[in-house]
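J.: Below are the structure tokens for one structure; questions will follow.
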Amino acid sequence: MGKELIHTTFLNDHWTYVPSFEESFVSQFPEGEMVHIPHTNTVLPLNNFSEKEYQFISAYHNQFTLSKKRQKRYILHFEGVMNSCDVYVNKTHVCTHQGGYTAFHVDVTAQLKSGENEIVVRVDSRESNNIPPYGNVVDFLTYGGIYREVYLEEQPQNYIEYALIDVVDDQLQVRLLLDVKQAKDTVFAFNIYKDKQLVYFFEREYNLQKNDIIVKEKVYLDEWSLEEPHLYELEIVVEEEVVYRSTFANRTAVFATNGFSLNNTPIKLVGLNRHQAYPYVGYAMPSTEQKRDAEMLKERLGVNIVRSSHYPPSRHFLDRCDELGLLVFCEIPGWQYIGDDQWKQQVEQDVRDMILHHYNHPSIIIWGVRINESGDDHELYTTTNQIAKELDPYRATGGVRNFAKSEFLEDVYTYNDFVHHGDNQGLEQPHKITKKSHPYLVTEYNGHMFPTKSFDDEAHRIEHVKRHLTVQEANFSNVHISGAIGWCMNDYNTHKDFGSGDRVCYHGVMDMFRIEKDAAYVYASIGRKEPFMHITSALHIGDREASEIKEVMILTNLDLIKFYINDEYIGEYTPSHEYKALPHPPIIIDDFIGQLIHEHESFSAKDADTIKSILLYIMKHGFRLPLRKKLQMAWVMYKYKLSYAQAAKLYETYVGKWGLESLTYRFDGYNDQLLVVSKTVGTSHEEILDVTVDNSTITESSTYETSRIVVRHMDHHGTIKRYSNEVLQLSTNGPIEIIGPKLVPLTGGVLAIYVKSMLQKGEGTLHISSARFKTKSVNITII
């Protein structure tokens with residue numbers, strides 16, 4: 001880009017951690033454990049633990065060298081400390097911060113010196129009634145520690161605290177929020193880059209006597225969209241030093257009573273809520289995993305919006321959403337409860353901090369300025385909306401509620417709709433929820449209404465799929481619903497009051513390791529571009545009630561599937577009319593017989609049709625035949641002199657398919673008459689431990705980074721063995737470390753292993769051993 005950004009020192013490595021705090025630590029820090037940021041104050045089991053385990057006060061200490069203190073300002077930044085903290089620099093208290101989800105910074109110029117400096121942070125990870133989301137019960141855990149990055153900036157005496165960038169009608173508008181220490185004439189140079197190429201340059205001179213400057217310039221920039229997320233970078237230069245740099249984009253996002261549009265193009269919003277928690281370490285994951293979540297949502301699940309439930313996410317997550325073209329509903333911390341005046345003041349501050357820190361992310365299209373599922377509070381929510389509009393006049397506001405006829409103060413009526421319970425409508429009509437017509441967005445559905453584990457029986461998992469299909473069918477059927485954001489992306493740990501008794505809410509379409517359950521492919525079928533097919537059944541009759549498989553549902557974005565049993569053609573099937581509003585309805589196969597009776601038996605064509613219809617009825621409804629079917633079967637048996645055993649043999653052959661040496665089902669998927677995907681399920685005499693790695697090269701930047709290795713117990717067709725709990729022994733060589741335990745079972749036939757770098761370059765190897773399978777090894781390069 002030309003000039004270097006004014007000096008930034010990352011302070012994420014080699015902290016000393018002690019799980020307690022005494023005032024004496026400020027003057028003389030004791031010996032402790034060496035840790036790196038992001039850090040959790042305690043490593044937890046996967047499930048079955050108490051939330052009390054991380055609720056304690058701890059202390060962190062860091063020493064760093066400032067080679068020469070210049071005539072500059074020094075600003076210390078913390079991106080996330082859970083839940084409140086006190087910061088000391090060179091034995092002087094410099095700030096207190098409350099709330100674990102908002103970044104904060106403090107001027108430490110007066111405290112720093114040339115040479116060795118030290119920082120001590122007292123971290124209080126206890127739940128506090130004066131800090132949202134606490135005050136009552138909360139359906140998620142908040143963990144503890146310095147779980148997001150720390151850095152020190154060297155800035156001019158007059159420094160840009162925030163630059164709020166908008167493009168309105170081809171006019172660039174930059175609001176500079178300055179911290180002015182010296183009144184002086186200053187020339188600001190503004191460089192705009194796209195793909196590292198300079199596309200605009202202009203200068204402005206200001207007499208810096210105030211802390212707020214608005215800069216305007218005519219520009220013509222490509223639009224940021226879901227398909228082509230064009231990003232620009234604004235660089236501000238003062239006296240030959242780059243003092244500020246941020247990405248931004250040109251786009252318009254509008255919610256109306258007839259739906260949502262981006263750049264005047266209508267878009268039906270389809271999304272999921274996301275909790276930022278991970279197994280074992282809670283919130284303490286670096287940029288790699290934050291970005292990977294965005295990639296999974298956009299590229300694997302195919303959604304176009306994510307809600308940051310119920311707090312602002314990591315900037316790394318938002319950066320990746322910007323790059324991918326994934327829309328974001330960004331929300332303040334909170335869950336159902338509204339506290340006293342002090343509590344409300346913190347809410348108001350959270351709104352300010354959320355908007356100021358994340359303003360320039362084009363992916364954010366709506367601010368959540370109301371406590372999730374809280375009651376009406378006219379004064380509080382009038383204030384939060386006013387703060388949002390003063391800071392950001394261009395984005396919509398929303399306030400998520402879970403009851404009808406709530407007082408409407410925002411721009412979009414955002415509502416958690418849990419009306420669907422399996423055999424009824426997918427969503428309520430908006431006019432039944434709002435007092436009158438408003439822009440309307442469904443922000444949660446399903447979730448706790450039907451918790452589903454990856455190791456649940458197949459019928460339960462398929463019902464999970466159908467519930468997500470039904471809600472999205474309702475979403476696409478109603479132009480007055482801007483979109484529907486499901487609860488939720490991934491399973492998560494929770495308080496004792498919620499979950500399945502093991503401190504886990506199994507509400508996700510993925511598990512805690514971000515491995516897909518069947519319902520995840522509902523979203524992929526709607527949004528993914530490349531051809532794909534997911535068969536929701538392993539077609540094992542013993543996993544079904546009364547050993548009856550009535551149908552198989554395929555989640556896909558294909559035009560047509562040709563179906564074969566033991567390589568014999570059964571028929572071709574097209575998307576289901578039951579979900580006709582969806583862009584790509586599932587394909588449902590409910591005929592496992594096709595023309596086989598006609599081809600293999602000596603019945604007349606008419607009688608073969610009769611027998612087939614009777615067998616299909618039995619397959620779908622059981623053996624209690626209506627009188628008409630009984631008479632038809634009796635006539636065929638009489639006509640062809642069939643014994644009862646011979647009639648039963650027809651069922652065994654064409655429905656039960658018992659006694660065959662091998663039974664395979666092949667699904668060939670077509671788009672535009674071209675075979676693009678083929679999958680087989682059925683008999684397999686080979687078991688496989690399949691191992692894939694998300695990234696075999698870890699690139700360290702400002703801290704350690706991670707990779708995820710996914711292990712699946714499968715048959716040779718690629719079908720996951722959902723009831724496998726094979727125990728794996730893990731070990732490493734080289735500069736990588738396993739996150740979590742080293743002896744772990746498969747759950748639902750799958751498992752993910754997170755490894756992290758150790759601030760050393762080189763080759764690392766993860767070894768995966770078990771009593772049954774040969775050891776698998778994964779090589780990872782640290783650069």
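Lettering and numbering for the structure tokens are positional, with chains as A, B, ... in the shown order, residues counted from 1 in each chain, and ligands counted from 1 in the shown order.
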Write out, as a tab-separated table, each residue of stretch 22-70 of chain A that has an atom at most 10 Å from stretch 77-90 of chain A, together with the closest pair of atoms and their distance in Å to one decimal, counting only C-alpha atoms, rows going by chain and rising number.

T.:
residue	atom	partner	partner_atom	distance
A:Val26	CA	A:Tyr88	CA	7.1
A:Ser27	CA	A:Asn90	CA	8.4
A:Pro38	CA	A:Gly80	CA	9.1
A:His39	CA	A:Val81	CA	9.6
A:Thr40	CA	A:Met82	CA	9.3
A:Asn41	CA	A:Met82	CA	9.5
A:Gln55	CA	A:Asn83	CA	9.3
A:Ile57	CA	A:Cys85	CA	9.3
A:Ser58	CA	A:Cys85	CA	9.6
A:Ala59	CA	A:Cys85	CA	9.4
A:Tyr60	CA	A:Val87	CA	9.6
A:His61	CA	A:Tyr88	CA	9.5
A:Asn62	CA	A:Val89	CA	9.7
A:Gln63	CA	A:Asn90	CA	9.6

J.: Applying 8 Å and only C-alpha atoms, which residues near A:Tyr232 remain after dropping the ones on its own chain fewer than 3 positions away? List them as JSON, numbers by chain.

T.: {"A": [192, 193, 194, 195, 247, 248, 249]}

J.: Considering only C-alpha atoms, return as a ChimeraX atom specification whatever protein or nucleic-acid residues lie within 6 Å of stretch 271-286 of chain A, sequence-local ones (same chain, fewer than 5 positions apart) excluded.

T.: /A:38-40,43-46,143,147,303-309,485-489,705,740

J.: Using N, CA and C atoms, can you write the selected residues to a file as a compact mmCIF listing (two decimals), in the first residue's frame?

T.:
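And here is the file that came out, again07.txt:
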# COMPACT_ATOMS: atom_id res chain seq x y z
N PRO A 38 -5.39 -15.36 22.37
CA PRO A 38 -6.56 -15.53 23.23
C PRO A 38 -6.37 -16.65 24.26
N HIS A 39 -6.92 -16.41 25.47
CA HIS A 39 -6.74 -17.38 26.55
C HIS A 39 -8.03 -17.53 27.33
N THR A 40 -8.36 -18.77 27.69
CA THR A 40 -9.48 -19.04 28.58
C THR A 40 -8.95 -19.26 29.98
N VAL A 43 -9.65 -24.57 31.14
CA VAL A 43 -10.08 -25.49 30.08
C VAL A 43 -11.18 -26.38 30.66
N LEU A 44 -12.27 -26.53 29.92
CA LEU A 44 -13.47 -27.22 30.41
C LEU A 44 -13.67 -28.54 29.67
N PRO A 45 -14.44 -29.46 30.27
CA PRO A 45 -14.83 -30.66 29.52
C PRO A 45 -15.79 -30.29 28.39
N LEU A 46 -16.07 -31.27 27.54
CA LEU A 46 -17.01 -31.03 26.45
C LEU A 46 -18.42 -30.80 26.98
N TYR A 143 -17.97 -17.86 29.91
CA TYR A 143 -16.56 -18.25 30.09
C TYR A 143 -15.75 -17.13 30.74
N TYR A 147 -9.87 -13.17 26.15
CA TYR A 147 -10.14 -14.14 25.09
C TYR A 147 -10.07 -13.55 23.68
N VAL A 303 -25.99 -19.92 3.60
CA VAL A 303 -26.89 -18.87 4.08
C VAL A 303 -26.39 -17.51 3.62
N ASN A 304 -27.28 -16.51 3.65
CA ASN A 304 -26.85 -15.17 3.25
C ASN A 304 -26.86 -14.18 4.40
N ILE A 305 -27.30 -14.63 5.61
CA ILE A 305 -27.27 -13.73 6.77
C ILE A 305 -27.00 -14.55 8.03
N VAL A 306 -26.32 -13.92 8.98
CA VAL A 306 -26.06 -14.51 10.30
C VAL A 306 -26.38 -13.48 11.36
N ARG A 307 -26.99 -13.93 12.45
CA ARG A 307 -27.24 -13.04 13.59
C ARG A 307 -26.21 -13.35 14.66
N SER A 308 -25.58 -12.31 15.20
CA SER A 308 -24.52 -12.49 16.20
C SER A 308 -25.16 -12.58 17.59
N SER A 309 -25.84 -13.64 17.80
CA SER A 309 -26.59 -13.83 19.05
C SER A 309 -25.63 -14.13 20.21
N ILE A 485 -34.16 -16.34 10.24
CA ILE A 485 -32.82 -16.71 10.74
C ILE A 485 -33.02 -17.78 11.81
N GLY A 486 -32.59 -18.99 11.52
CA GLY A 486 -32.87 -20.13 12.39
C GLY A 486 -32.01 -20.18 13.62
N TRP A 487 -32.57 -20.82 14.66
CA TRP A 487 -31.79 -21.12 15.85
C TRP A 487 -31.39 -22.59 15.78
N CYS A 488 -30.11 -22.88 15.57
CA CYS A 488 -29.00 -21.97 15.40
C CYS A 488 -27.92 -22.73 14.61
N MET A 489 -26.78 -22.08 14.38
CA MET A 489 -25.71 -22.69 13.61
C MET A 489 -25.14 -23.93 14.29
N GLU A 705 -2.21 -19.54 15.92
CA GLU A 705 -3.38 -19.84 15.11
C GLU A 705 -3.69 -21.33 15.20
N GLY A 740 -7.70 -29.38 24.26
CA GLY A 740 -8.62 -30.33 24.88
C GLY A 740 -7.94 -31.65 25.21

J.: Tell me which of A:Glu299, A:Glu217, A:Asp423, A:Asp715 sits closest to A:Leu326, counting only C-alpha atoms.

T.: A:Glu299

J.: Please list as a list of chain:residue names every residue within 10 Å of A:Ile387, counting only C-alpha atoms and excluding residues in the same chain fewer than 5 positions away.

T.: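 Close residues of A:Ile387: A:Glu348, A:Gln349, A:Val351, A:Arg352, A:Ile355, A:Val369, A:Tyr381, A:Thr382, A:Asp392, A:Pro393.
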
J.: Choose the residue, out of A:Val121, A:Leu766, A:Ile433, A:Ile365, that has the smallest atom-to-atom separation from A:Val691; count only C-alpha atoms.

T.: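 Among the listed residues, the smallest separation from A:Val691 belongs to A:Leu766.
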
J.: Under the rule that only C-alpha atoms are counted, which of A:Ser707, A:Thr781, A:Ser547, A:Asn250 is the nearest residue to A:Gly622?

T.: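 Once distances to A:Gly622 are computed over only C-alpha atoms, the minimum belongs to A:Ser547.
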
J.: Using only C-alpha atoms, determine which residues lie at most 12 Å from A:Val243, disregarding the query and same-chain residues fewer than 6 positions distant; provide the list as a list of chain:residue names.

T.: A:Lys3, A:Glu4, A:Leu5, A:Ile6, A:His7, A:Thr8, A:Lys72, A:Arg73, A:Glu153, A:Glu154, A:Gln155, A:Pro156, A:Gln157, A:Asn158, A:Tyr159, A:Ile160, A:Glu161, A:Tyr162, A:Ala163, A:Leu176, A:Leu178, A:Phe188, A:Ala189, A:Phe190, A:Asn191, A:Leu234, A:Glu235, A:Ile236, A:Val237

J.: Write the residues of the selection above to a file with N, CA and C atoms, as a short mmCIF file (atom, residue, chain, number, x, y, z; two decimals), in the first residue's frame.

T.:
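Below you can see again_28.cif, which holds the result:
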data_model
loop_
_atom_site.label_atom_id
_atom_site.label_comp_id
_atom_site.auth_asym_id
_atom_site.auth_seq_id
_atom_site.Cartn_x
_atom_site.Cartn_y
_atom_site.Cartn_z
N LYS A 3 2.85 3.42 2.22
CA LYS A 3 3.35 3.79 3.54
C LYS A 3 2.91 2.80 4.60
N GLU A 4 3.72 2.65 5.61
CA GLU A 4 3.40 1.73 6.72
C GLU A 4 2.43 2.39 7.70
N LEU A 5 1.55 1.57 8.26
CA LEU A 5 0.65 2.06 9.31
C LEU A 5 1.49 2.47 10.51
N ILE A 6 1.04 3.51 11.18
CA ILE A 6 1.74 3.96 12.37
C ILE A 6 1.92 2.78 13.33
N HIS A 7 2.95 2.78 14.09
CA HIS A 7 3.45 1.59 14.78
C HIS A 7 2.41 0.91 15.68
N THR A 8 2.25 -0.39 15.46
CA THR A 8 1.39 -1.21 16.30
C THR A 8 2.22 -2.36 16.87
N LYS A 72 4.67 10.95 21.12
CA LYS A 72 3.46 10.40 20.53
C LYS A 72 2.47 10.05 21.63
N ARG A 73 1.27 9.65 21.21
CA ARG A 73 0.28 9.09 22.13
C ARG A 73 0.37 7.57 22.03
N GLU A 153 -0.95 0.83 20.22
CA GLU A 153 -0.77 1.70 19.06
C GLU A 153 0.00 2.95 19.45
N GLU A 154 0.89 3.36 18.57
CA GLU A 154 1.56 4.64 18.69
C GLU A 154 0.87 5.63 17.74
N GLN A 155 0.36 6.73 18.27
CA GLN A 155 -0.46 7.65 17.49
C GLN A 155 0.04 9.09 17.65
N PRO A 156 -0.37 9.99 16.73
CA PRO A 156 -0.04 11.41 16.89
C PRO A 156 -0.72 12.00 18.12
N GLN A 157 -0.33 13.20 18.46
CA GLN A 157 -0.97 13.88 19.59
C GLN A 157 -2.46 14.10 19.32
N ASN A 158 -2.79 14.39 18.08
CA ASN A 158 -4.19 14.45 17.66
C ASN A 158 -4.47 13.18 16.86
N TYR A 159 -5.15 12.24 17.45
CA TYR A 159 -5.31 10.97 16.74
C TYR A 159 -6.76 10.67 16.44
N ILE A 160 -6.93 9.90 15.39
CA ILE A 160 -8.27 9.52 14.94
C ILE A 160 -8.72 8.33 15.77
N GLU A 161 -9.68 8.59 16.63
CA GLU A 161 -10.21 7.50 17.45
C GLU A 161 -11.11 6.59 16.62
N TYR A 162 -11.96 7.18 15.82
CA TYR A 162 -12.82 6.42 14.91
C TYR A 162 -12.97 7.22 13.62
N ALA A 163 -13.04 6.52 12.50
CA ALA A 163 -13.41 7.12 11.22
C ALA A 163 -14.61 6.33 10.71
N LEU A 176 -14.72 11.92 11.02
CA LEU A 176 -13.53 11.69 11.84
C LEU A 176 -13.84 12.08 13.28
N LEU A 178 -12.06 12.59 16.49
CA LEU A 178 -10.66 12.83 16.86
C LEU A 178 -10.52 13.04 18.36
N PHE A 188 -4.77 16.39 5.98
CA PHE A 188 -5.08 14.97 5.92
C PHE A 188 -5.08 14.54 4.46
N ALA A 189 -4.34 13.51 4.14
CA ALA A 189 -4.36 12.91 2.80
C ALA A 189 -5.18 11.63 2.86
N PHE A 190 -6.08 11.47 1.89
CA PHE A 190 -6.97 10.32 1.87
C PHE A 190 -6.67 9.49 0.62
N ASN A 191 -6.25 8.25 0.83
CA ASN A 191 -6.00 7.32 -0.26
C ASN A 191 -7.06 6.22 -0.23
N LEU A 234 -9.66 2.56 2.92
CA LEU A 234 -9.36 3.98 3.11
C LEU A 234 -8.12 4.09 3.99
N GLU A 235 -7.17 4.87 3.50
CA GLU A 235 -5.93 5.11 4.24
C GLU A 235 -5.81 6.61 4.46
N ILE A 236 -5.58 6.99 5.71
CA ILE A 236 -5.46 8.41 6.04
C ILE A 236 -4.01 8.68 6.48
N VAL A 237 -3.43 9.68 5.83
CA VAL A 237 -2.02 9.98 6.06
C VAL A 237 -1.88 11.40 6.62
#

J.: Can you pull out every residue within 9 Å of A:Ile37, counting only C-alpha atoms, but drop anything in the same chain fewer than 5 positions away, and send it as a ChimeraX atom specification?

T.: /A:11-15,146-150,284-286,703-704

J.: Please give the complete set of residues from stretch 176-402 of chain A that DSSP, run on the backbone, assigns to helix (DSSP H, G or I), formatted as a PyMOL selection string.

T.: chain A and resi 287-300+315-324+341-358+378-391

J.: Run DSSP on the backbone and tell me which residues of stretch 165-349 of chain A come out as strand (DSSP E); list them as number ranges by chain.

T.: A: 165-168, 171-179, 185-194, 197-207, 212-218, 232-238, 241-248, 253-256, 259-262, 265-267, 269-273, 305-307, 327-331

J.: With C-alpha atoms kept, could you save the residues just selected as a PDB file, in the first residue's frame?

T.:
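Writing done, so here's selection.pdb:
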ATOM      1  CA  ILE A 165     -17.150   5.717   6.488  1.00  0.00           C
ATOM      2  CA  ASP A 166     -20.256   5.859   4.277  1.00  0.00           C
ATOM      3  CA  VAL A 167     -20.917   6.048   0.569  1.00  0.00           C
ATOM      4  CA  VAL A 168     -24.208   7.819  -0.127  1.00  0.00           C
ATOM      5  CA  GLN A 171     -20.407  10.542  -2.314  1.00  0.00           C
ATOM      6  CA  LEU A 172     -17.812   9.334   0.136  1.00  0.00           C
ATOM      7  CA  GLN A 173     -18.518  10.646   3.628  1.00  0.00           C
ATOM      8  CA  VAL A 174     -15.977  10.175   6.408  1.00  0.00           C
ATOM      9  CA  ARG A 175     -16.784  11.324   9.922  1.00  0.00           C
ATOM     10  CA  LEU A 176     -13.531  11.688  11.839  1.00  0.00           C
ATOM     11  CA  LEU A 177     -13.922  11.354  15.586  1.00  0.00           C
ATOM     12  CA  LEU A 178     -10.658  12.827  16.865  1.00  0.00           C
ATOM     13  CA  ASP A 179      -8.996  13.008  20.224  1.00  0.00           C
ATOM     14  CA  ASP A 185      -3.573  23.273  11.165  1.00  0.00           C
ATOM     15  CA  THR A 186      -3.303  19.755   9.791  1.00  0.00           C
ATOM     16  CA  VAL A 187      -3.357  18.337   6.271  1.00  0.00           C
ATOM     17  CA  PHE A 188      -5.085  14.966   5.921  1.00  0.00           C
ATOM     18  CA  ALA A 189      -4.364  12.909   2.798  1.00  0.00           C
ATOM     19  CA  PHE A 190      -6.972  10.319   1.868  1.00  0.00           C
ATOM     20  CA  ASN A 191      -6.004   7.319  -0.261  1.00  0.00           C
ATOM     21  CA  ILE A 192      -8.600   4.825  -1.473  1.00  0.00           C
ATOM     22  CA  TYR A 193      -7.387   1.432  -2.653  1.00  0.00           C
ATOM     23  CA  LYS A 194      -9.066  -1.504  -4.319  1.00  0.00           C
ATOM     24  CA  GLN A 197      -4.321  -0.408  -6.362  1.00  0.00           C
ATOM     25  CA  LEU A 198      -4.788   3.303  -5.639  1.00  0.00           C
ATOM     26  CA  VAL A 199      -8.089   4.447  -7.200  1.00  0.00           C
ATOM     27  CA  TYR A 200      -8.696   7.819  -5.477  1.00  0.00           C
ATOM     28  CA  PHE A 201      -6.542  10.409  -3.743  1.00  0.00           C
ATOM     29  CA  PHE A 202      -7.525  13.757  -2.225  1.00  0.00           C
ATOM     30  CA  GLU A 203      -6.390  16.098   0.571  1.00  0.00           C
ATOM     31  CA  ARG A 204      -8.107  18.315   3.121  1.00  0.00           C
ATOM     32  CA  GLU A 205      -6.698  20.841   5.597  1.00  0.00           C
ATOM     33  CA  TYR A 206      -8.384  21.462   8.937  1.00  0.00           C
ATOM     34  CA  ASN A 207      -7.646  23.529  11.972  1.00  0.00           C
ATOM     35  CA  ASP A 212     -15.506  15.885  14.979  1.00  0.00           C
ATOM     36  CA  ILE A 213     -14.821  16.492  11.279  1.00  0.00           C
ATOM     37  CA  ILE A 214     -16.917  15.452   8.278  1.00  0.00           C
ATOM     38  CA  VAL A 215     -15.055  14.859   5.010  1.00  0.00           C
ATOM     39  CA  LYS A 216     -16.931  14.539   1.699  1.00  0.00           C
ATOM     40  CA  GLU A 217     -15.696  13.579  -1.769  1.00  0.00           C
ATOM     41  CA  LYS A 218     -17.397  12.459  -4.985  1.00  0.00           C
ATOM     42  CA  TYR A 232     -12.185  -0.771  -0.678  1.00  0.00           C
ATOM     43  CA  GLU A 233      -9.597   0.447   1.802  1.00  0.00           C
ATOM     44  CA  LEU A 234      -9.356   3.980   3.112  1.00  0.00           C
ATOM     45  CA  GLU A 235      -5.928   5.106   4.235  1.00  0.00           C
ATOM     46  CA  ILE A 236      -5.456   8.409   6.041  1.00  0.00           C
ATOM     47  CA  VAL A 237      -2.015   9.983   6.059  1.00  0.00           C
ATOM     48  CA  VAL A 238      -0.786  12.840   8.281  1.00  0.00           C
ATOM     49  CA  GLU A 241       2.590   8.667   8.436  1.00  0.00           C
ATOM     50  CA  VAL A 242      -0.416   6.423   7.909  1.00  0.00           C
ATOM     51  CA  VAL A 243      -2.506   7.117  10.981  1.00  0.00           C
ATOM     52  CA  TYR A 244      -5.654   5.196  10.059  1.00  0.00           C
ATOM     53  CA  ARG A 245      -6.673   2.383   7.766  1.00  0.00           C
ATOM     54  CA  SER A 246      -9.998   0.599   7.332  1.00  0.00           C
ATOM     55  CA  THR A 247     -11.894  -1.374   4.732  1.00  0.00           C
ATOM     56  CA  PHE A 248     -15.335  -0.178   3.657  1.00  0.00           C
ATOM     57  CA  ALA A 253     -29.524  -2.133   2.427  1.00  0.00           C
ATOM     58  CA  VAL A 254     -33.239  -1.468   2.846  1.00  0.00           C
ATOM     59  CA  PHE A 255     -35.933  -3.255   4.851  1.00  0.00           C
ATOM     60  CA  ALA A 256     -39.485  -2.555   3.666  1.00  0.00           C
ATOM     61  CA  GLY A 259     -39.115  -7.510   2.033  1.00  0.00           C
ATOM     62  CA  PHE A 260     -35.402  -6.738   2.024  1.00  0.00           C
ATOM     63  CA  SER A 261     -33.311  -5.390  -0.825  1.00  0.00           C
ATOM     64  CA  LEU A 262     -29.571  -4.958  -1.300  1.00  0.00           C
ATOM     65  CA  THR A 265     -32.256  -5.982  -5.645  1.00  0.00           C
ATOM     66  CA  PRO A 266     -34.819  -7.979  -3.619  1.00  0.00           C
ATOM     67  CA  ILE A 267     -33.239 -10.763  -1.541  1.00  0.00           C
ATOM     68  CA  LEU A 269     -32.904 -13.555   3.802  1.00  0.00           C
ATOM     69  CA  VAL A 270     -32.070 -17.090   4.899  1.00  0.00           C
ATOM     70  CA  GLY A 271     -29.779 -17.451   7.868  1.00  0.00           C
ATOM     71  CA  LEU A 272     -28.731 -18.872  11.183  1.00  0.00           C
ATOM     72  CA  ASN A 273     -27.871 -17.508  14.607  1.00  0.00           C
ATOM     73  CA  ILE A 305     -27.266 -13.735   6.772  1.00  0.00           C
ATOM     74  CA  VAL A 306     -26.060 -14.515  10.297  1.00  0.00           C
ATOM     75  CA  ARG A 307     -27.241 -13.045  13.594  1.00  0.00           C
ATOM     76  CA  LEU A 327     -24.854 -10.251   5.806  1.00  0.00           C
ATOM     77  CA  VAL A 328     -24.866  -9.713   9.574  1.00  0.00           C
ATOM     78  CA  PHE A 329     -27.440  -8.770  12.209  1.00  0.00           C
ATOM     79  CA  CYS A 330     -25.152  -7.371  14.942  1.00  0.00           C
ATOM     80  CA  GLU A 331     -26.630  -7.281  18.448  1.00  0.00           C
TER      81      GLU A 331
END

J.: Please provide as a ChimeraX atom specification all residues within 12 Å of stretch 676-683 of chain A, with the sequence filter that same-chain residues fewer than 5 positions apart are discarded (counting only C-alpha atoms).

T.: /A:530-541,552,554,556-567,657,659-671,714-721

J.: Hey, which of A:Pro229, A:Gly749, A:Gly594, A:Pro451 ends up closest to A:Asn263? Count only C-alpha atoms.

T.: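 When distances to A:Asn263 are compared using only C-alpha atoms, the smallest one comes from A:Pro229.
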